[in-house]
>>> print(open('work-v5.pdb').read())   # PDB, C-alpha atoms
ATOM      1  CA  MET Y  27      20.139 -34.833-108.006
ATOM      2  CA  ALA Y  28      16.345 -34.833-108.380
ATOM      3  CA  THR Y  29      14.546 -31.505-108.497
ATOM      4  CA  ILE Y  30      12.567 -30.882-105.301
ATOM      5  CA  SER Y  31       9.540 -28.718-106.001
ATOM      6  CA  ALA Y  32       7.666 -26.566-103.511
ATOM      7  CA  SER Y  33       4.577 -28.726-103.954
ATOM      8  CA  MET Y  34       6.536 -31.825-102.936
ATOM      9  CA  VAL Y  35       7.769 -30.111 -99.791
ATOM     10  CA  LYS Y  36       4.214 -28.950 -99.067
ATOM     11  CA  GLU Y  37       2.855 -32.485 -99.443
ATOM     12  CA  LEU Y  38       5.508 -33.942 -97.147
ATOM     13  CA  ARG Y  39       4.801 -31.259 -94.546
ATOM     14  CA  GLU Y  40       1.098 -32.066 -94.645
ATOM     15  CA  ARG Y  41       1.750 -35.794 -94.302
ATOM     16  CA  THR Y  42       4.294 -35.549 -91.479
ATOM     17  CA  GLY Y  43       3.591 -32.234 -89.763
ATOM     18  CA  LEU Y  44       7.326 -31.447 -89.733
ATOM     19  CA  GLY Y  45       9.133 -28.252 -90.699
ATOM     20  CA  MET Y  46       9.700 -27.059 -94.240
ATOM     21  CA  MET Y  47      13.511 -27.260 -94.161
ATOM     22  CA  GLU Y  48      13.444 -30.719 -92.589
ATOM     23  CA  CYS Y  49      11.034 -31.941 -95.273
ATOM     24  CA  LYS Y  50      13.125 -30.431 -98.051
ATOM     25  CA  LYS Y  51      16.279 -32.059 -96.708
ATOM     26  CA  ALA Y  52      14.548 -35.452 -96.415
ATOM     27  CA  LEU Y  53      13.345 -35.238-100.027
ATOM     28  CA  GLN Y  54      16.803 -34.298-101.237
ATOM     29  CA  GLU Y  55      18.324 -37.265 -99.389
ATOM     30  CA  SER Y  56      15.744 -39.633-100.876
ATOM     31  CA  GLU Y  57      16.191 -38.043-104.344
ATOM     32  CA  GLY Y  58      12.549 -37.022-104.498
ATOM     33  CA  ASP Y  59      11.107 -40.345-103.320
ATOM     34  CA  MET Y  60       8.179 -39.266-101.100
ATOM     35  CA  GLU Y  61       7.662 -42.627 -99.405
ATOM     36  CA  GLY Y  62      11.400 -43.079 -98.965
ATOM     37  CA  ALA Y  63      11.631 -39.659 -97.324
ATOM     38  CA  ILE Y  64       8.839 -40.581 -94.906
ATOM     39  CA  ASP Y  65      10.513 -43.902 -94.041
ATOM     40  CA  ASN Y  66      13.833 -42.179 -93.375
ATOM     41  CA  MET Y  67      12.145 -39.575 -91.181
ATOM     42  CA  ARG Y  68      10.443 -42.325 -89.177
ATOM     43  CA  LYS Y  69      13.756 -44.113 -88.734
ATOM     44  CA  ALA Y  70      15.326 -40.897 -87.469
ATOM     45  CA  SER Y  71      12.454 -40.105 -85.088
ATOM     46  CA  GLY Y  72      13.778 -42.297 -82.285
ATOM     47  CA  LEU Y  73      17.150 -40.560 -82.357
ATOM     48  CA  LYS Y  74      15.576 -37.119 -82.452
ATOM     49  CA  ALA Y  75      13.230 -38.019 -79.616
ATOM     50  CA  ALA Y  76      16.195 -39.215 -77.563
ATOM     51  CA  LYS Y  77      18.072 -35.965 -78.135
ATOM     52  CA  LYS Y  78      15.058 -33.964 -76.974
ATOM     53  CA  SER Y  79      14.440 -36.182 -73.936
ATOM     54  CA  SER Y  80      17.184 -34.416 -71.963
ATOM     55  CA  ARG Y  81      15.251 -31.146 -72.110
ATOM     56  CA  ILE Y  82      13.089 -30.294 -69.114
ATOM     57  CA  ALA Y  83       9.362 -30.850 -69.614
ATOM     58  CA  ALA Y  84       7.471 -29.162 -66.769
ATOM     59  CA  GLU Y  85       4.313 -27.985 -68.537
ATOM     60  CA  GLY Y  86       1.468 -30.205 -69.711
ATOM     61  CA  VAL Y  87      -1.830 -31.538 -68.363
ATOM     62  CA  VAL Y  88      -3.263 -33.899 -65.762
ATOM     63  CA  LEU Y  89      -6.331 -36.004 -66.570
ATOM     64  CA  ALA Y  90      -8.513 -38.523 -64.749
ATOM     65  CA  LYS Y  91     -11.091 -41.155 -65.660
ATOM     66  CA  ILE Y  92     -13.580 -43.095 -63.524
ATOM     67  CA  ALA Y  93     -15.264 -46.428 -64.262
ATOM     68  CA  GLU Y  94     -19.037 -46.339 -64.785
ATOM     69  CA  ASP Y  95     -19.675 -48.341 -61.634
ATOM     70  CA  GLY Y  96     -17.498 -45.929 -59.643
ATOM     71  CA  ASN Y  97     -15.182 -48.517 -58.110
ATOM     72  CA  TYR Y  98     -12.060 -47.698 -60.116
ATOM     73  CA  GLY Y  99     -10.232 -44.653 -61.478
ATOM     74  CA  VAL Y 100      -6.911 -43.542 -62.944
ATOM     75  CA  ILE Y 101      -5.057 -40.245 -63.054
ATOM     76  CA  VAL Y 102      -2.166 -39.308 -65.365
ATOM     77  CA  GLU Y 103       0.306 -36.469 -65.860
ATOM     78  CA  VAL Y 104       1.831 -35.891 -69.293
ATOM     79  CA  ASN Y 105       4.410 -33.130 -69.711
ATOM     80  CA  SER Y 106       5.645 -30.893 -72.509
ATOM     81  CA  GLU Y 107       8.338 -28.227 -72.513
ATOM     82  CA  THR Y 108       6.032 -25.258 -73.123
ATOM     83  CA  ASP Y 109       2.473 -24.286 -72.286
ATOM     84  CA  PHE Y 110       1.969 -23.566 -75.989
ATOM     85  CA  ALA Y 111       2.614 -27.222 -76.869
ATOM     86  CA  ALA Y 112       0.383 -28.325 -73.969
ATOM     87  CA  ARG Y 113      -2.570 -26.708 -75.760
ATOM     88  CA  ASP Y 114      -1.794 -28.378 -79.097
ATOM     89  CA  ASP Y 115      -4.497 -30.768 -80.332
ATOM     90  CA  ASN Y 116      -1.919 -33.454 -81.190
ATOM     91  CA  PHE Y 117      -0.485 -33.287 -77.668
ATOM     92  CA  LEU Y 118      -3.936 -33.370 -76.058
ATOM     93  CA  GLY Y 119      -4.908 -36.323 -78.245
ATOM     94  CA  PHE Y 120      -1.807 -38.185 -77.065
ATOM     95  CA  CYS Y 121      -2.652 -37.389 -73.432
ATOM     96  CA  GLN Y 122      -6.119 -38.831 -73.936
ATOM     97  CA  GLN Y 123      -4.565 -41.952 -75.467
ATOM     98  CA  VAL Y 124      -2.297 -42.342 -72.423
ATOM     99  CA  LEU Y 125      -5.317 -41.993 -70.135
ATOM    100  CA  GLU Y 126      -7.419 -44.507 -72.052
ATOM    101  CA  GLN Y 127      -4.565 -47.024 -72.283
ATOM    102  CA  SER Y 128      -3.752 -46.829 -68.573
ATOM    103  CA  PHE Y 129      -7.464 -47.121 -67.761
ATOM    104  CA  ALA Y 130      -7.965 -50.146 -70.003
ATOM    105  CA  ASN Y 131      -4.813 -51.905 -68.758
ATOM    106  CA  ARG Y 132      -5.384 -50.868 -65.118
ATOM    107  CA  GLU Y 133      -1.724 -49.931 -65.312
ATOM    108  CA  ALA Y 134      -0.012 -47.506 -62.923
ATOM    109  CA  ASP Y 135       3.569 -48.313 -63.934
ATOM    110  CA  VAL Y 136       4.794 -45.804 -66.522
ATOM    111  CA  ALA Y 137       7.456 -48.123 -67.965
ATOM    112  CA  GLN Y 138       4.905 -50.890 -68.491
ATOM    113  CA  LEU Y 139       2.476 -48.414 -70.036
ATOM    114  CA  LEU Y 140       5.060 -47.144 -72.513
ATOM    115  CA  GLU Y 141       5.849 -50.704 -73.586
ATOM    116  CA  SER Y 142       2.200 -51.208 -74.544
ATOM    117  CA  GLY Y 143       2.703 -49.061 -77.665
ATOM    118  CA  ILE Y 144       2.578 -45.605 -76.137
ATOM    119  CA  GLU Y 145       6.332 -45.069 -76.530
ATOM    120  CA  GLU Y 146       6.239 -45.254 -80.337
ATOM    121  CA  THR Y 147       3.428 -42.716 -80.395
ATOM    122  CA  ARG Y 148       5.331 -40.492 -77.962
ATOM    123  CA  GLN Y 149       8.449 -40.501 -80.120
ATOM    124  CA  ALA Y 150       6.429 -39.658 -83.229
ATOM    125  CA  LEU Y 151       4.842 -36.734 -81.367
ATOM    126  CA  VAL Y 152       8.257 -35.475 -80.242
ATOM    127  CA  GLN Y 153       9.321 -35.543 -83.876
ATOM    128  CA  LYS Y 154       6.190 -33.724 -84.971
ATOM    129  CA  ILE Y 155       5.975 -30.875 -82.452
ATOM    130  CA  GLY Y 156       9.703 -30.524 -81.749
ATOM    131  CA  GLU Y 157       9.486 -30.696 -77.947
ATOM    132  CA  ASN Y 158      10.291 -33.274 -75.316
ATOM    133  CA  ILE Y 159       7.111 -35.103 -74.262
ATOM    134  CA  SER Y 160       7.097 -37.126 -71.062
ATOM    135  CA  VAL Y 161       4.549 -39.477 -69.504
ATOM    136  CA  ARG Y 162       5.560 -38.582 -65.977
ATOM    137  CA  ARG Y 163       3.264 -40.529 -63.664
ATOM    138  CA  VAL Y 164       0.108 -42.596 -63.420
ATOM    139  CA  GLY Y 165      -1.968 -43.249 -60.302
ATOM    140  CA  ARG Y 166      -4.956 -45.475 -59.615
ATOM    141  CA  LEU Y 167      -7.475 -46.127 -56.860
ATOM    142  CA  ALA Y 168      -9.780 -49.121 -56.860
ATOM    143  CA  PHE Y 169     -12.163 -51.278 -54.877
ATOM    144  CA  ASN Y 170     -12.657 -54.964 -55.658
ATOM    145  CA  ASP Y 171     -16.403 -54.436 -55.733
ATOM    146  CA  ALA Y 172     -18.556 -51.366 -56.376
ATOM    147  CA  ASN Y 173     -20.356 -51.972 -53.077
ATOM    148  CA  GLU Y 174     -17.119 -51.517 -51.110
ATOM    149  CA  GLY Y 175     -16.807 -47.828 -51.826
ATOM    150  CA  ILE Y 176     -16.751 -44.950 -54.292
ATOM    151  CA  VAL Y 177     -13.901 -43.633 -56.442
ATOM    152  CA  GLU Y 178     -14.467 -40.126 -57.789
ATOM    153  CA  SER Y 179     -12.360 -37.486 -59.532
ATOM    154  CA  TYR Y 180     -12.085 -33.757 -59.976
ATOM    155  CA  VAL Y 181     -10.117 -32.066 -62.756
ATOM    156  CA  HIS Y 182      -9.718 -28.308 -62.570
ATOM    157  CA  SER Y 183     -10.873 -26.465 -65.680
ATOM    158  CA  ASN Y 184      -7.340 -25.741 -66.917
ATOM    159  CA  SER Y 185      -6.293 -29.420 -66.493
ATOM    160  CA  ARG Y 186      -3.349 -28.391 -64.318
ATOM    161  CA  ILE Y 187      -4.688 -29.977 -61.121
ATOM    162  CA  ALA Y 188      -6.515 -33.300 -60.856
ATOM    163  CA  VAL Y 189      -7.584 -35.449 -57.924
ATOM    164  CA  LEU Y 190      -8.694 -39.052 -57.422
ATOM    165  CA  ILE Y 191     -10.391 -39.889 -54.146
ATOM    166  CA  SER Y 192     -11.861 -43.058 -52.646
ATOM    167  CA  LEU Y 193     -14.586 -43.063 -49.982
ATOM    168  CA  GLN Y 194     -16.335 -45.717 -47.966
ATOM    169  CA  GLY Y 195     -19.928 -44.595 -47.551
ATOM    170  CA  GLY Y 196     -21.412 -41.357 -48.854
ATOM    171  CA  ASP Y 197     -22.239 -40.757 -52.487
ATOM    172  CA  GLU Y 198     -20.724 -39.400 -55.715
ATOM    173  CA  SER Y 199     -21.674 -35.809 -54.877
ATOM    174  CA  LEU Y 200     -19.881 -35.938 -51.511
ATOM    175  CA  ALA Y 201     -16.858 -37.660 -53.047
ATOM    176  CA  ARG Y 202     -16.613 -35.001 -55.745
ATOM    177  CA  ASP Y 203     -16.878 -32.218 -53.147
ATOM    178  CA  ILE Y 204     -14.036 -33.744 -51.133
ATOM    179  CA  ALA Y 205     -11.977 -34.184 -54.316
ATOM    180  CA  MET Y 206     -12.541 -30.509 -55.134
ATOM    181  CA  HIS Y 207     -11.443 -29.604 -51.608
ATOM    182  CA  VAL Y 208      -8.243 -31.639 -52.031
ATOM    183  CA  ALA Y 209      -7.537 -29.832 -55.310
ATOM    184  CA  ALA Y 210      -7.942 -26.427 -53.653
ATOM    185  CA  MET Y 211      -6.316 -27.034 -50.247
ATOM    186  CA  ASN Y 212      -3.616 -29.576 -51.148
ATOM    187  CA  PRO Y 213      -3.508 -31.656 -47.935
ATOM    188  CA  MET Y 214      -0.434 -33.790 -47.370
ATOM    189  CA  VAL Y 215      -2.206 -36.769 -45.747
ATOM    190  CA  VAL Y 216      -5.692 -38.012 -44.882
ATOM    191  CA  ARG Y 217      -5.227 -38.194 -41.092
ATOM    192  CA  ALA Y 218      -2.965 -36.481 -38.560
ATOM    193  CA  GLU Y 219      -1.277 -39.778 -37.672
ATOM    194  CA  ASP Y 220      -0.279 -40.213 -41.331
ATOM    195  CA  VAL Y 221       2.164 -37.272 -41.284
ATOM    196  CA  PRO Y 222       5.660 -38.813 -41.762
ATOM    197  CA  GLU Y 223       8.047 -38.693 -38.797
ATOM    198  CA  ASP Y 224      10.787 -37.029 -40.832
ATOM    199  CA  VAL Y 225       8.413 -34.192 -41.746
ATOM    200  CA  LEU Y 226       7.497 -33.690 -38.086
ATOM    201  CA  ALA Y 227      11.175 -33.718 -37.082
ATOM    202  CA  LYS Y 228      12.051 -31.086 -39.674
ATOM    203  CA  GLU Y 229       9.165 -28.821 -38.657
ATOM    204  CA  SER Y 230      10.041 -29.266 -34.974
ATOM    205  CA  GLU Y 231      13.638 -28.224 -35.677
ATOM    206  CA  ILE Y 232      12.462 -25.080 -37.460
ATOM    207  CA  TYR Y 233       9.974 -24.143 -34.714
ATOM    208  CA  SER Y 234      12.584 -24.828 -32.049
ATOM    209  CA  ALA Y 235      15.058 -22.418 -33.646
ATOM    210  CA  GLN Y 236      12.368 -19.759 -34.001
ATOM    211  CA  ALA Y 237      11.154 -20.162 -30.408
ATOM    212  CA  ARG Y 238      14.623 -20.022 -28.858
ATOM    213  CA  ASP Y 239      15.282 -16.746 -30.631
ATOM    214  CA  SER Y 240      12.451 -15.303 -28.539
ATOM    215  CA  GLY Y 241      14.496 -15.566 -25.324
ATOM    216  CA  LYS Y 242      11.563 -17.060 -23.399
ATOM    217  CA  PRO Y 243      11.997 -19.685 -20.628
ATOM    218  CA  GLU Y 244      12.510 -23.308 -21.709
ATOM    219  CA  GLU Y 245       9.110 -24.522 -20.469
ATOM    220  CA  ILE Y 246       7.384 -21.797 -22.503
ATOM    221  CA  ILE Y 247       9.519 -22.667 -25.545
ATOM    222  CA  GLU Y 248       8.447 -26.326 -25.365
ATOM    223  CA  LYS Y 249       4.793 -25.309 -25.258
ATOM    224  CA  MET Y 250       5.347 -22.994 -28.248
ATOM    225  CA  ILE Y 251       6.938 -25.800 -30.251
ATOM    226  CA  SER Y 252       4.212 -28.365 -29.470
ATOM    227  CA  GLY Y 253       1.487 -25.795 -30.208
ATOM    228  CA  ARG Y 254       2.952 -24.923 -33.583
ATOM    229  CA  LEU Y 255       3.380 -28.601 -34.454
ATOM    230  CA  ARG Y 256      -0.274 -29.303 -33.641
ATOM    231  CA  LYS Y 257      -1.304 -26.402 -35.863
ATOM    232  CA  PHE Y 258       0.918 -27.611 -38.704
ATOM    233  CA  VAL Y 259      -0.462 -31.167 -38.519
ATOM    234  CA  ALA Y 260      -4.043 -29.861 -38.574
ATOM    235  CA  GLU Y 261      -3.279 -27.691 -41.612
ATOM    236  CA  VAL Y 262      -1.849 -30.555 -43.696
ATOM    237  CA  SER Y 263      -4.323 -33.295 -42.642
ATOM    238  CA  LEU Y 264      -7.406 -33.548 -44.844
ATOM    239  CA  LEU Y 265      -9.839 -34.546 -42.085
ATOM    240  CA  ASP Y 266      -8.786 -31.621 -39.869
ATOM    241  CA  GLN Y 267      -9.030 -28.943 -42.561
ATOM    242  CA  PRO Y 268     -11.995 -26.533 -42.734
ATOM    243  CA  PHE Y 269     -14.156 -27.559 -45.695
ATOM    244  CA  VAL Y 270     -13.446 -25.293 -48.663
ATOM    245  CA  LYS Y 271     -17.176 -24.638 -49.281
ATOM    246  CA  ASP Y 272     -17.946 -23.965 -45.604
ATOM    247  CA  SER Y 273     -15.073 -22.840 -43.403
ATOM    248  CA  ASP Y 274     -17.161 -23.415 -40.253
ATOM    249  CA  THR Y 275     -17.290 -27.149 -40.946
ATOM    250  CA  LYS Y 276     -14.308 -29.490 -40.777
ATOM    251  CA  VAL Y 277     -13.987 -32.149 -43.458
ATOM    252  CA  SER Y 278     -14.216 -34.838 -40.775
ATOM    253  CA  ASP Y 279     -17.568 -33.442 -39.578
ATOM    254  CA  LEU Y 280     -18.896 -33.372 -43.149
ATOM    255  CA  LEU Y 281     -17.955 -37.023 -43.613
ATOM    256  CA  LYS Y 282     -19.318 -38.073 -40.222
ATOM    257  CA  GLU Y 283     -22.689 -36.519 -41.024
ATOM    258  CA  ALA Y 284     -22.851 -38.606 -44.219
ATOM    259  CA  GLY Y 285     -21.593 -41.784 -42.546
ATOM    260  CA  ALA Y 286     -18.546 -41.769 -44.801
ATOM    261  CA  ASP Y 287     -14.773 -41.950 -44.504
ATOM    262  CA  VAL Y 288     -11.844 -41.199 -46.810
ATOM    263  CA  VAL Y 289      -9.801 -44.254 -47.772
ATOM    264  CA  GLY Y 290      -7.216 -42.367 -49.832
ATOM    265  CA  PHE Y 291      -6.538 -39.717 -52.440
ATOM    266  CA  VAL Y 292      -4.098 -38.903 -55.221
ATOM    267  CA  ARG Y 293      -3.494 -35.270 -56.186
ATOM    268  CA  TYR Y 294      -1.424 -34.313 -59.237
ATOM    269  CA  GLU Y 295      -0.436 -30.773 -60.157
ATOM    270  CA  VAL Y 296       1.381 -30.157 -63.432
ATOM    271  CA  GLY Y 297       5.125 -29.833 -62.967
ATOM    272  CA  GLU Y 298       5.139 -30.036 -59.163
ATOM    273  CA  GLY Y 299       8.539 -31.089 -57.876
ATOM    274  CA  ILE Y 300      10.267 -30.578 -61.231
ATOM    275  CA  GLU Y 301      13.220 -28.236 -61.022
ATOM    276  CA  LYS Y 302      12.762 -25.886 -63.949
ATOM    277  CA  ASP Y 303      15.700 -24.528 -65.899
ATOM    278  CA  GLU Y 304      15.355 -20.772 -65.533
ATOM    279  CA  GLN Y 305      16.989 -19.208 -68.569
ATOM    280  CA  ASP Y 306      17.849 -15.619 -69.373
ATOM    281  CA  PHE Y 307      16.093 -15.218 -72.738
ATOM    282  CA  ALA Y 308      18.068 -12.119 -73.748
ATOM    283  CA  ALA Y 309      21.348 -13.883 -72.989
ATOM    284  CA  GLU Y 310      20.209 -16.953 -74.929
ATOM    285  CA  VAL Y 311      19.432 -14.858 -78.015
ATOM    286  CA  ALA Y 312      22.744 -13.004 -77.725
ATOM    287  CA  ALA Y 313      24.605 -16.307 -77.487
ATOM    288  CA  GLN Y 314      22.927 -17.583 -80.640
ATOM    289  CA  LEU Y 315      23.778 -14.369 -82.523
ATOM    290  CA  SER Y 316      27.442 -14.366 -81.490
TER     291      SER Y 316
END
>>> encode(input="work-v5.pdb", output="structure tokens")
Amino acid sequence: MATISASMVKELRERTGLGMMECKKALQESEGDMEGAIDNMRKASGLKAAKKSSRIAAEGVVLAKIAEDGNYGVIVEVNSETDFAARDDNFLGFCQQVLEQSFANREADVAQLLESGIEETRQALVQKIGENISVRRVGRLAFNDANEGIVESYVHSNSRIAVLISLQGGDESLARDIAMHVAAMNPMVVRAEDVPEDVLAKESEIYSAQARDSGKPEEIIEKMISGRLRKFVAEVSLLDQPFVKDSDTKVSDLLKEAGADVVGFVRYEVGEGIEKDEQDFAAEVAAQLS
């Protein structure tokens, strides 16, 4: 068997970014052939990426990009397993690549995006940083012509919340203010009539149970339920919310003053809706030691 020197291991680590023991093992298997070791590691990367893909990735970043003429924008969420990996330059570079590729292709389908070459890069990154990496979702808003409306974005400073918004009328400053409001207040829909019927039914059931526990007459209970539903709808509807920069002004009034209207919005928050695997760290360590 060929002698594997420390300098060889160091070189392979620098060229692949992988761990010392993994590099040493690869060199031993290739009998000291550096290029052969790299080829074998690349061949194994798909398998290793697949093994890691079952692990929950609920950290990461959200990013957005707008066309120069303001009529088109995309928003992406890319996840990692840990916040530490989400701050890694290699991970952030990959996220930027995902954003640029989806922007260039005008692609909002993740499967299609991955087939455009992103998947190979993703698997290589999984191999390099040792965590599951997931391109979770991509959204886009667009007008056929820049004169039809404005698409603007807002990305919070920690890249954990991002918003795309499209307006008819108004200007970029107003659109950005509304996008910032959406980031802060997290409305469910644009208008009250957009609230899904199943959501209203669920809320009505909850309010009904609460009201009937009060022991009040039925006619009073019905008024209590309808009043609480109206309040709920106003709280989750963008146009009915008090503007985050001026609580005395509703968003709808702000838009009306500018002769503008909201066509739609997309709001992504890192990890929202992902059921995280809460682990007992002490128990995990004990299990590994036993």
>>> residues_around(input="work-v5.pdb", residues="Arg163 in chain Y", least_positions_apart="4", cutoff="10 Å", atoms="all atoms listed in the file", output="list in words")
Val88, Ile101, Val102, Glu103, Val104, Asn105, Ala134, Asp135, Val136, Ala137 and Tyr294 of chain Y
>>> closest_residue(input="work-v5.pdb", among="Y:Ala90, Y:Leu139, Y:Ile155, Y:Thr108", to="Leu44 in chain Y", atoms="all atoms listed in the file")
Y:Ile155
>>> atom_distance(input="work-v5.pdb", atom1="CA of Arg202 in chain Y", atom2="CA of Glu261 in chain Y")
20.8 Å
>>> resolve_selection(input="work-v5.pdb", expression="the PyMOL selection byres ((chain Y and resi 124) around 9)", output="short mmCIF file (atom, residue, chain, number, x, y, z; two decimals) with C-alpha atoms, in the coordinates of the input")
data_model
loop_
_atom_site.label_atom_id
_atom_site.label_comp_id
_atom_site.auth_asym_id
_atom_site.auth_seq_id
_atom_site.Cartn_x
_atom_site.Cartn_y
_atom_site.Cartn_z
CA VAL Y 102 -2.17 -39.31 -65.36
CA VAL Y 104 1.83 -35.89 -69.29
CA GLY Y 119 -4.91 -36.32 -78.24
CA PHE Y 120 -1.81 -38.18 -77.06
CA CYS Y 121 -2.65 -37.39 -73.43
CA GLN Y 122 -6.12 -38.83 -73.94
CA GLN Y 123 -4.57 -41.95 -75.47
CA LEU Y 125 -5.32 -41.99 -70.14
CA GLU Y 126 -7.42 -44.51 -72.05
CA GLN Y 127 -4.57 -47.02 -72.28
CA SER Y 128 -3.75 -46.83 -68.57
CA PHE Y 129 -7.46 -47.12 -67.76
CA LEU Y 139 2.48 -48.41 -70.04
CA LEU Y 140 5.06 -47.14 -72.51
CA ILE Y 144 2.58 -45.60 -76.14
CA VAL Y 161 4.55 -39.48 -69.50
#
>>> atom_distance(input="work-v5.pdb", atom1="CA of Glu85 in chain Y", atom2="CA of Val296 in chain Y")
6.3 Å
>>> residues_around(input="work-v5.pdb", residues="Met211 in chain Y", least_positions_apart="4", cutoff="12 Å", atoms="only C-alpha atoms", output="ChimeraX atom specification")
/Y:187,189,204-207,215,261-271,273,277,293
>>> closest_residue(input="work-v5.pdb", among="Y:Ile159, Y:Ala237, Y:Ile82, Y:Ala112", to="Glu145 in chain Y", atoms="all atoms listed in the file")
Y:Ile159
>>> atom_distance(input="work-v5.pdb", atom1="CA of Gln153 in chain Y", atom2="CA of Val87 in chain Y")
19.5 Å
>>> residues_around(input="work-v5.pdb", residues="Leu38 in chain Y", least_positions_apart="5", cutoff="9 Å", atoms="all atoms listed in the file", output="PyMOL selection string")
chain Y and resi 33+43-44+46+49-50+53+60+63-64
>>> resolve_selection(input="work-v5.pdb", expression="the PyMOL selection byres ((chain Y and resi 70) around 12)", output="list in words")
Glu48, Ala52, Ala63, Ile64, Asp65, Asn66, Met67, Arg68, Lys69, Ser71, Gly72, Leu73, Lys74, Ala75, Ala76, Lys77, Gln149, Ala150, Val152, Gln153 and Lys154 of chain Y
>>> closest_residue(input="work-v5.pdb", among="Y:Gly86, Y:Gly99, Y:Gly290, Y:Gly299", to="Val208 in chain Y", atoms="all atoms listed in the file")
Y:Gly290
>>> residues_near_point(input="work-v5.pdb", point="(-19.6, -50.6, -54.0)", cutoff="12 Å", atoms="all atoms listed in the file", output="PDB file with C-alpha atoms, keeping the file's coordinate frame")
ATOM      1  CA  ALA Y  93     -15.264 -46.428 -64.262  1.00  0.00           C
ATOM      2  CA  GLU Y  94     -19.037 -46.339 -64.785  1.00  0.00           C
ATOM      3  CA  ASP Y  95     -19.675 -48.341 -61.634  1.00  0.00           C
ATOM      4  CA  GLY Y  96     -17.498 -45.929 -59.643  1.00  0.00           C
ATOM      5  CA  ASN Y  97     -15.182 -48.517 -58.110  1.00  0.00           C
ATOM      6  CA  TYR Y  98     -12.060 -47.698 -60.116  1.00  0.00           C
ATOM      7  CA  ALA Y 168      -9.780 -49.121 -56.860  1.00  0.00           C
ATOM      8  CA  PHE Y 169     -12.163 -51.278 -54.877  1.00  0.00           C
ATOM      9  CA  ASN Y 170     -12.657 -54.964 -55.658  1.00  0.00           C
ATOM     10  CA  ASP Y 171     -16.403 -54.436 -55.733  1.00  0.00           C
ATOM     11  CA  ALA Y 172     -18.556 -51.366 -56.376  1.00  0.00           C
ATOM     12  CA  ASN Y 173     -20.356 -51.972 -53.077  1.00  0.00           C
ATOM     13  CA  GLU Y 174     -17.119 -51.517 -51.110  1.00  0.00           C
ATOM     14  CA  GLY Y 175     -16.807 -47.828 -51.826  1.00  0.00           C
ATOM     15  CA  ILE Y 176     -16.751 -44.950 -54.292  1.00  0.00           C
ATOM     16  CA  VAL Y 177     -13.901 -43.633 -56.442  1.00  0.00           C
ATOM     17  CA  SER Y 192     -11.861 -43.058 -52.646  1.00  0.00           C
ATOM     18  CA  LEU Y 193     -14.586 -43.063 -49.982  1.00  0.00           C
ATOM     19  CA  GLN Y 194     -16.335 -45.717 -47.966  1.00  0.00           C
ATOM     20  CA  GLY Y 195     -19.928 -44.595 -47.551  1.00  0.00           C
ATOM     21  CA  GLY Y 196     -21.412 -41.357 -48.854  1.00  0.00           C
ATOM     22  CA  ASP Y 197     -22.239 -40.757 -52.487  1.00  0.00           C
ATOM     23  CA  GLU Y 198     -20.724 -39.400 -55.715  1.00  0.00           C
TER      24      GLU Y 198
END
>>> axis_aligned_box(input="work-v5.pdb", around="range 121-135 of chain Y", padding_each_side="3 Å", output="JSON")
{"center_x": -2.2, "center_y": -44.6, "center_z": -69.2, "size_x": 17.5, "size_y": 20.5, "size_z": 18.5}
>>> closest_residue(input="work-v5.pdb", among="Y:Ala111, Y:Met250, Y:Ala201, Y:Met47", to="Gly156 in chain Y", atoms="only C-alpha atoms")
Y:Ala111
>>> resolve_selection(input="work-v5.pdb", expression="the PyMOL selection byres ((chain Y and resi 301) around 12)", output="number ranges by chain")
Y: 81-85, 297-300, 302-304
>>> closest_residue(input="work-v5.pdb", among="Y:Asn212, Y:Ser230, Y:Asn131, Y:Ser183", to="Gly253 in chain Y", atoms="all atoms listed in the file")
Y:Ser230
>>> closest_residue(input="work-v5.pdb", among="Y:His182, Y:Leu200, Y:Gln54, Y:Ala286", to="Met34 in chain Y", atoms="only C-alpha atoms")
Y:Gln54
>>> decode(input="work-v5.pdb", residues="range 161-180 of chain Y", atoms="C-alpha atoms", output="CSV table (one decimal), in the first residue's frame")
chain,number,residue,atom,x,y,z
Y,161,VAL,CA,-33.8,24.5,-2.4
Y,162,ARG,CA,-37.2,24.7,-0.8
Y,163,ARG,CA,-39.2,27.1,-2.8
Y,164,VAL,CA,-39.1,29.8,-5.5
Y,165,GLY,CA,-41.7,32.5,-6.1
Y,166,ARG,CA,-42.1,35.1,-8.9
Y,167,LEU,CA,-44.3,38.1,-9.7
Y,168,ALA,CA,-44.3,39.7,-13.1
Y,169,PHE,CA,-46.1,42.2,-15.4
Y,170,ASN,CA,-45.9,41.7,-19.2
Y,171,ASP,CA,-44.9,45.4,-19.5
Y,172,ALA,CA,-43.1,47.8,-17.1
Y,173,ASN,CA,-46.0,50.3,-17.7
Y,174,GLU,CA,-48.5,47.8,-16.2
Y,175,GLY,CA,-47.2,48.0,-12.7
Y,176,ILE,CA,-44.3,47.8,-10.3
Y,177,VAL,CA,-42.6,44.7,-8.7
Y,178,GLU,CA,-40.5,45.5,-5.6
Y,179,SER,CA,-38.8,43.5,-2.8
Y,180,TYR,CA,-37.7,43.8,0.8
